[in-house]
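Asks: Structure file input.cif (mmCIF, C-alpha atoms) is given on the next line.
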data_run
#
loop_
_atom_site.label_atom_id
_atom_site.label_comp_id
_atom_site.auth_asym_id
_atom_site.auth_seq_id
_atom_site.Cartn_x
_atom_site.Cartn_y
_atom_site.Cartn_z
CA MET X 1 0.00 0.00 0.00
CA SER X 2 1.20 3.47 -0.81
CA TYR X 3 2.40 5.57 2.16
CA TYR X 4 0.30 8.43 0.77
CA THR X 5 -2.99 7.59 -0.95
CA HIS X 6 -2.46 10.53 -3.28
CA HIS X 7 1.01 12.02 -3.51
CA VAL X 8 0.90 15.21 -5.56
CA PHE X 9 3.93 16.86 -7.13
CA PHE X 10 3.75 20.38 -8.54
CA CYS X 11 6.38 21.31 -11.06
CA THR X 12 7.74 24.63 -9.81
CA ASN X 13 10.77 24.85 -11.99
CA GLN X 14 12.03 28.23 -13.12
CA ARG X 15 14.26 28.38 -16.15
CA GLU X 16 17.27 30.60 -15.84
CA ASP X 17 16.78 32.13 -19.25
CA GLY X 18 13.23 33.20 -18.34
CA SER X 19 11.62 31.10 -21.09
CA GLU X 20 8.20 29.53 -20.57
CA CYS X 21 7.90 27.04 -17.77
CA CYS X 22 5.52 26.09 -15.00
CA GLN X 23 6.65 28.69 -12.50
CA ARG X 24 5.82 31.53 -14.93
CA PHE X 25 2.19 30.41 -14.84
CA GLY X 26 1.53 30.71 -11.15
CA ALA X 27 2.67 27.24 -10.12
CA LEU X 28 4.06 28.41 -6.77
CA GLY X 29 0.94 30.27 -5.72
CA LEU X 30 -1.37 27.45 -6.72
CA ARG X 31 0.83 24.87 -5.01
CA ASP X 32 0.60 26.95 -1.82
CA TYR X 33 -3.14 27.18 -2.25
CA ALA X 34 -3.47 23.40 -2.74
CA LYS X 35 -1.32 22.72 0.33
CA GLN X 36 -3.35 25.07 2.47
CA ARG X 37 -6.72 23.89 1.17
CA CYS X 38 -5.92 20.19 1.68
CA LYS X 39 -4.81 20.96 5.23
CA GLU X 40 -8.01 22.86 5.96
CA LEU X 41 -10.06 19.96 4.64
CA GLY X 42 -8.15 17.48 6.84
CA LEU X 43 -6.94 15.53 3.82
CA THR X 44 -3.23 15.52 4.61
CA GLY X 45 -1.00 13.02 6.39
CA GLU X 46 0.17 9.42 6.26
CA GLY X 47 -2.37 7.23 4.49
CA LYS X 48 -3.91 10.36 3.01
CA VAL X 49 -2.77 13.21 0.78
CA ARG X 50 0.61 14.95 0.48
CA ILE X 51 1.23 18.01 -1.66
CA ASN X 52 4.86 18.48 -2.71
CA THR X 53 6.99 20.83 -4.67
CA ALA X 54 9.13 19.25 -7.36
CA GLY X 55 11.79 20.38 -9.79
CA CYS X 56 11.17 20.33 -13.54
CA LEU X 57 8.94 17.38 -14.47
CA ASP X 58 9.97 17.83 -18.11
CA ARG X 59 6.54 18.33 -19.60
CA CYS X 60 7.07 22.06 -20.02
CA ALA X 61 5.01 22.51 -23.19
CA GLU X 62 1.95 21.26 -21.33
CA GLY X 63 2.61 23.30 -18.19
CA PRO X 64 1.84 24.21 -15.60
CA VAL X 65 1.63 20.55 -14.67
CA MET X 66 1.24 18.37 -11.62
CA VAL X 67 1.29 14.60 -11.26
CA VAL X 68 -0.62 12.47 -8.76
CA TYR X 69 0.92 9.16 -7.68
CA PRO X 70 0.68 6.21 -7.33
CA GLU X 71 -2.07 6.48 -9.95
CA ALA X 72 0.28 8.42 -12.26
CA VAL X 73 -2.35 10.91 -13.38
CA TRP X 74 -1.01 14.14 -14.88
CA TYR X 75 -2.89 17.42 -14.89
CA SER X 76 -2.48 20.77 -16.54
CA TYR X 77 -4.23 23.52 -14.58
CA VAL X 78 -4.88 27.19 -15.03
CA ASP X 79 -6.42 28.67 -11.92
CA GLN X 80 -7.74 28.14 -8.42
CA GLU X 81 -10.97 26.71 -9.78
CA ASP X 82 -9.03 23.91 -11.47
CA ILE X 83 -7.17 23.18 -8.25
CA ASP X 84 -10.44 23.10 -6.30
CA GLU X 85 -11.87 20.62 -8.76
CA ILE X 86 -8.83 18.35 -8.49
CA ILE X 87 -8.97 18.51 -4.69
CA GLU X 88 -12.70 17.83 -4.47
CA GLN X 89 -13.03 15.25 -7.19
CA HIS X 90 -9.70 13.45 -7.24
CA LEU X 91 -7.99 13.92 -3.89
CA THR X 92 -11.20 13.65 -1.88
CA ASN X 93 -13.26 11.21 -3.94
CA GLY X 94 -10.64 9.39 -5.99
CA GLN X 95 -12.15 10.32 -9.34
CA VAL X 96 -9.88 11.61 -12.10
CA VAL X 97 -10.76 15.06 -13.47
CA GLU X 98 -10.77 14.11 -17.14
CA ARG X 99 -11.06 17.66 -18.51
CA LEU X 100 -7.73 18.65 -16.94
CA ARG X 101 -5.90 15.42 -17.58
CA ILE X 102 -2.98 15.36 -19.98
CA MET J 1 0.57 3.59 -18.52
CA SER J 2 2.81 5.85 -16.48
CA TYR J 3 4.55 8.65 -18.42
CA TYR J 4 7.75 7.64 -16.66
CA THR J 5 8.34 3.97 -15.89
CA HIS J 6 10.17 4.96 -12.71
CA HIS J 7 9.71 8.48 -11.41
CA VAL J 8 12.11 9.12 -8.55
CA PHE J 9 11.76 11.93 -6.03
CA PHE J 10 14.60 12.83 -3.69
CA CYS J 11 13.66 14.72 -0.58
CA THR J 12 16.05 17.67 -0.50
CA ASN J 13 14.38 19.70 2.15
CA GLN J 14 16.45 21.88 4.47
CA ARG J 15 14.92 22.92 7.73
CA GLU J 16 15.40 26.51 8.68
CA ASP J 17 16.36 25.71 12.25
CA GLY J 18 19.16 23.39 11.07
CA SER J 19 17.64 20.31 12.72
CA GLU J 20 18.05 16.89 11.15
CA CYS J 21 16.59 16.42 7.71
CA CYS J 22 17.44 14.82 4.39
CA GLN J 23 19.57 17.64 3.05
CA ARG J 24 21.94 17.41 6.02
CA PHE J 25 22.78 13.87 4.95
CA GLY J 26 24.05 14.53 1.46
CA ALA J 27 20.71 14.36 -0.33
CA LEU J 28 21.62 17.05 -2.87
CA GLY J 29 24.93 15.49 -3.84
CA LEU J 30 23.46 12.02 -4.18
CA ARG J 31 20.49 13.31 -6.17
CA ASP J 32 22.97 14.97 -8.57
CA TYR J 33 24.91 11.73 -8.76
CA ALA J 34 21.75 9.70 -9.51
CA LYS J 35 20.68 12.18 -12.19
CA GLN J 36 24.07 12.09 -13.87
CA ARG J 37 24.47 8.33 -13.62
CA CYS J 38 21.01 7.60 -15.06
CA LYS J 39 21.76 9.93 -17.96
CA GLU J 40 25.09 8.21 -18.63
CA LEU J 41 23.35 4.85 -18.66
CA GLY J 42 20.72 6.09 -21.12
CA LEU J 43 17.92 5.40 -18.66
CA THR J 44 16.23 8.80 -18.73
CA GLY J 45 13.34 10.18 -20.75
CA GLU J 46 9.68 9.61 -21.51
CA GLY J 47 8.71 5.99 -20.97
CA LYS J 48 11.87 5.54 -18.92
CA VAL J 49 13.35 7.05 -15.76
CA ARG J 50 13.12 10.59 -14.36
CA ILE J 51 15.04 11.77 -11.30
CA ASN J 52 13.49 14.75 -9.52
CA THR J 53 14.11 16.96 -6.59
CA ALA J 54 11.23 17.32 -4.15
CA GLY J 55 10.46 19.32 -1.07
CA CYS J 56 10.04 17.64 2.31
CA LEU J 57 8.43 14.22 1.89
CA ASP J 58 7.65 14.19 5.61
CA ARG J 59 9.49 11.01 6.55
CA CYS J 60 12.33 12.94 8.16
CA ALA J 61 13.15 10.40 10.88
CA GLU J 62 13.91 7.80 8.22
CA GLY J 63 15.91 10.18 6.02
CA PRO J 64 17.52 10.70 3.73
CA VAL J 65 14.67 9.26 1.72
CA MET J 66 13.54 8.93 -1.86
CA VAL J 67 10.38 7.47 -3.34
CA VAL J 68 9.94 5.69 -6.66
CA TYR J 69 6.55 5.93 -8.39
CA PRO J 70 4.21 4.58 -9.66
CA GLU J 71 5.31 1.55 -7.63
CA ALA J 72 5.40 3.69 -4.44
CA VAL J 73 8.61 2.16 -3.12
CA TRP J 74 10.44 4.22 -0.49
CA TYR J 75 14.16 4.00 0.18
CA SER J 76 16.52 5.26 2.78
CA TYR J 77 20.08 5.55 1.45
CA VAL J 78 23.45 6.41 2.87
CA ASP J 79 26.02 6.66 0.13
CA GLN J 80 26.85 6.34 -3.54
CA GLU J 81 26.95 2.57 -3.28
CA ASP J 82 23.30 2.54 -2.19
CA ILE J 83 22.36 4.79 -5.10
CA ASP J 84 24.23 2.55 -7.54
CA GLU J 85 22.37 -0.47 -6.24
CA ILE J 86 19.00 1.26 -6.63
CA ILE J 87 19.89 2.35 -10.17
CA GLU J 88 21.16 -1.05 -11.26
CA GLN J 89 18.65 -3.26 -9.54
CA HIS J 90 15.47 -1.18 -9.45
CA LEU J 91 15.65 1.50 -12.14
CA THR J 92 17.34 -0.77 -14.67
CA ASN J 93 15.89 -4.18 -13.84
CA GLY J 94 12.70 -3.33 -11.99
CA GLN J 95 13.60 -5.25 -8.85
CA VAL J 96 13.11 -3.60 -5.48
CA VAL J 97 16.24 -3.29 -3.30
CA GLU J 98 14.78 -4.81 -0.17
CA ARG J 99 17.71 -3.97 2.12
CA LEU J 100 17.19 -0.23 1.58
CA ARG J 101 13.42 -0.24 1.52
CA ILE J 102 11.49 1.53 4.25
#
Please express what this file holds, its structure, as C-alpha cells.
Replies:
Amino acid sequence: MSYYTHHVFFCTNQREDGSECCQRFGALGLRDYAKQRCKELGLTGEGKVRINTAGCLDRCAEGPVMVVYPEAVWYSYVDQEDIDEIIEQHLTNGQVVERLRI
Amino acid sequence: MSYYTHHVFFCTNQREDGSECCQRFGALGLRDYAKQRCKELGLTGEGKVRINTAGCLDRCAEGPVMVVYPEAVWYSYVDQEDIDEIIEQHLTNGQVVERLRI
C-alpha cells in the first residue's frame, strides 16, 4: 500500500533564461493554495494526501503541470478553480478530473 | 501507462532551524549523482526514468529518503553505493532493493 494515498507533485521549476515554464504560470501560488486547502479539509498526512513541490517534471510545453501518484495521473491547470476541482473530485473522492488530464 | 516507468523523487528539504533532515545527509549530492548516472546509462526520458528533486516528503526520521513511483517504493540511502544499487537493480531491472526499503 502506498504511504500516501495521493502524492501530488507540482512542477515549480524556473528556467534561468526566463523562457516559458511552469513557474511563470503561477505554479508556486497554486501549489501553496493546494497545500493550504488540503490541510483545511483534513486531507493531509500518512495514508492520506501529500502536496509536494518538485523540480522540472519535463513536460514544459503542457505546463503548468502536476502529477498524482501512485495512480500516475497528470494534470495541466490554469487557476484556483481547477485546483479546487482536483482537490474535491480526485484527492477527496478518488475520481480523475478528465477535462484537466494530460 | 505511467509517463515515466520509474519516477524518482529525492527529498532535499532543508529545515530553517538546522535540525536533522534529508539535506543534512548529502541528499543534494546524491540526487545529482543519480541524475548524472542515469543519464550516462541512457535510462532517462519519456517511458523511462526521471530523477526529480522534491520538497520535504515528511518522513524525516527515516531520512535521507527517496520514493519511486508509480510503484510507491520508499528507500533510505546512505552513500553512492546505495544509489548505484538502486539504479542497477530497481531502475534498470525493476527489482526492489529490499535492504534499503522503508
Asks: With 12 Å as the limit and counting all atoms listed in the file, what residues in chain X lie close to chain J? Please list them as a compact mmCIF listing (two decimals) with C-alpha atoms, in the frame of the given file.
Replies:
# COMPACT_ATOMS: atom_id res chain seq x y z
CA MET X 1 0.00 0.00 0.00
CA SER X 2 1.20 3.47 -0.81
CA TYR X 3 2.40 5.57 2.16
CA TYR X 4 0.30 8.43 0.77
CA THR X 5 -2.99 7.59 -0.95
CA HIS X 6 -2.46 10.53 -3.28
CA HIS X 7 1.01 12.02 -3.51
CA VAL X 8 0.90 15.21 -5.56
CA PHE X 9 3.93 16.86 -7.13
CA PHE X 10 3.75 20.38 -8.54
CA CYS X 11 6.38 21.31 -11.06
CA THR X 12 7.74 24.63 -9.81
CA ASN X 13 10.77 24.85 -11.99
CA ARG X 31 0.83 24.87 -5.01
CA THR X 44 -3.23 15.52 4.61
CA GLY X 45 -1.00 13.02 6.39
CA GLU X 46 0.17 9.42 6.26
CA VAL X 49 -2.77 13.21 0.78
CA ARG X 50 0.61 14.95 0.48
CA ILE X 51 1.23 18.01 -1.66
CA ASN X 52 4.86 18.48 -2.71
CA THR X 53 6.99 20.83 -4.67
CA ALA X 54 9.13 19.25 -7.36
CA GLY X 55 11.79 20.38 -9.79
CA CYS X 56 11.17 20.33 -13.54
CA LEU X 57 8.94 17.38 -14.47
CA ASP X 58 9.97 17.83 -18.11
CA ARG X 59 6.54 18.33 -19.60
CA VAL X 67 1.29 14.60 -11.26
CA VAL X 68 -0.62 12.47 -8.76
CA TYR X 69 0.92 9.16 -7.68
CA PRO X 70 0.68 6.21 -7.33
CA GLU X 71 -2.07 6.48 -9.95
CA ALA X 72 0.28 8.42 -12.26
CA VAL X 73 -2.35 10.91 -13.38
CA TRP X 74 -1.01 14.14 -14.88
CA ILE X 102 -2.98 15.36 -19.98
Asks: Using Å and a single decimal, report how far atom CA of J:Ile87 sits from atom CA of J:Gly29.
Replies: 15.4 Å
Asks: Using Å and a single decimal, report how far atom CA of J:Arg101 sits from atom CA of J:Gly26.
Replies: 18.2 Å
Asks: Taking all atoms listed in the file into account, which of J:Gln36, J:Ser76, J:Gln89, J:Gln95 comes nearest J:Cys60?
Replies: J:Ser76
Asks: Around (19.4, -2.1, -6.8) in the file's own coordinates, what residues are found within 12 Å if you use only C-alpha atoms, given back as number ranges by chain?
Replies: J: 75, 77, 80-101
Asks: Interatomic distance between atom CA of X:Arg24 and atom CA of J:Ala27?
Replies: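 According to the coordinates, atom CA of X:Arg24 and atom CA of J:Ala27 are separated by 27.0 Å.
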Asks: Let me make sure I understand: among J:Ala34, J:Leu43, J:Leu28, J:Val78, which one has the smallest atom-to-atom distance to J:Gln14 if we use only C-alpha atoms?
Replies: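 Ranked by minimum distance to J:Gln14, first place goes to J:Leu28.
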Asks: Could you please fill out stretch 55-81 of chain X with N, CA and C atoms and send it back as a tab-separated table (two decimals), in the coordinates of the input?
Replies:
chain	number	residue	atom	x	y	z
X	55	GLY	N	11.04	19.70	-8.73
X	55	GLY	CA	11.79	20.38	-9.79
X	55	GLY	C	11.09	20.12	-11.12
X	56	CYS	N	11.75	20.45	-12.20
X	56	CYS	CA	11.17	20.33	-13.54
X	56	CYS	C	10.74	18.89	-13.85
X	57	LEU	N	9.47	18.72	-14.16
X	57	LEU	CA	8.94	17.38	-14.47
X	57	LEU	C	9.08	17.06	-15.96
X	58	ASP	N	9.63	18.02	-16.68
X	58	ASP	CA	9.97	17.83	-18.11
X	58	ASP	C	8.76	17.61	-19.01
X	59	ARG	N	7.69	18.29	-18.69
X	59	ARG	CA	6.54	18.33	-19.60
X	59	ARG	C	6.15	19.79	-19.79
X	60	CYS	N	7.18	20.61	-20.03
X	60	CYS	CA	7.07	22.06	-20.02
X	60	CYS	C	6.01	22.58	-20.98
X	61	ALA	N	5.93	22.01	-22.18
X	61	ALA	CA	5.01	22.51	-23.19
X	61	ALA	C	3.56	22.38	-22.75
X	62	GLU	N	3.31	21.48	-21.81
X	62	GLU	CA	1.95	21.26	-21.33
X	62	GLU	C	1.69	21.95	-20.00
X	63	GLY	N	2.67	22.71	-19.52
X	63	GLY	CA	2.61	23.30	-18.19
X	63	GLY	C	1.63	24.45	-18.05
X	64	PRO	N	1.31	24.82	-16.82
X	64	PRO	CA	1.84	24.21	-15.60
X	64	PRO	C	1.22	22.83	-15.33
X	65	VAL	N	2.08	21.92	-14.90
X	65	VAL	CA	1.63	20.55	-14.67
X	65	VAL	C	1.83	20.09	-13.23
X	66	MET	N	1.04	19.09	-12.87
X	66	MET	CA	1.24	18.37	-11.62
X	66	MET	C	1.02	16.90	-11.93
X	67	VAL	N	1.55	16.03	-11.08
X	67	VAL	CA	1.29	14.60	-11.26
X	67	VAL	C	0.84	14.02	-9.92
X	68	VAL	N	-0.11	13.12	-9.97
X	68	VAL	CA	-0.62	12.47	-8.76
X	68	VAL	C	-0.23	11.00	-8.80
X	69	TYR	N	0.50	10.57	-7.79
X	69	TYR	CA	0.92	9.16	-7.68
X	69	TYR	C	0.26	8.53	-6.48
X	70	PRO	N	0.12	7.20	-6.41
X	70	PRO	CA	0.68	6.21	-7.33
X	70	PRO	C	-0.14	6.01	-8.61
X	71	GLU	N	-1.25	6.72	-8.77
X	71	GLU	CA	-2.07	6.48	-9.95
X	71	GLU	C	-1.48	7.07	-11.22
X	72	ALA	N	-0.42	7.88	-11.09
X	72	ALA	CA	0.28	8.42	-12.26
X	72	ALA	C	-0.65	9.20	-13.19
X	73	VAL	N	-1.45	10.06	-12.60
X	73	VAL	CA	-2.35	10.91	-13.38
X	73	VAL	C	-1.75	12.31	-13.45
X	74	TRP	N	-1.59	12.81	-14.66
X	74	TRP	CA	-1.01	14.14	-14.88
X	74	TRP	C	-2.11	15.15	-15.20
X	75	TYR	N	-1.94	16.35	-14.62
X	75	TYR	CA	-2.89	17.42	-14.89
X	75	TYR	C	-2.17	18.68	-15.35
X	76	SER	N	-2.87	19.41	-16.21
X	76	SER	CA	-2.48	20.77	-16.54
X	76	SER	C	-3.60	21.65	-15.96
X	77	TYR	N	-3.22	22.71	-15.26
X	77	TYR	CA	-4.23	23.52	-14.58
X	77	TYR	C	-3.98	24.99	-14.90
X	78	VAL	N	-5.02	25.78	-14.71
X	78	VAL	CA	-4.88	27.19	-15.03
X	78	VAL	C	-5.08	28.08	-13.80
X	79	ASP	N	-6.10	27.77	-13.02
X	79	ASP	CA	-6.42	28.67	-11.92
X	79	ASP	C	-6.91	27.91	-10.68
X	80	GLN	N	-7.32	28.70	-9.70
X	80	GLN	CA	-7.74	28.14	-8.42
X	80	GLN	C	-8.95	27.21	-8.57
X	81	GLU	N	-9.79	27.53	-9.53
X	81	GLU	CA	-10.97	26.71	-9.78
X	81	GLU	C	-10.56	25.29	-10.20
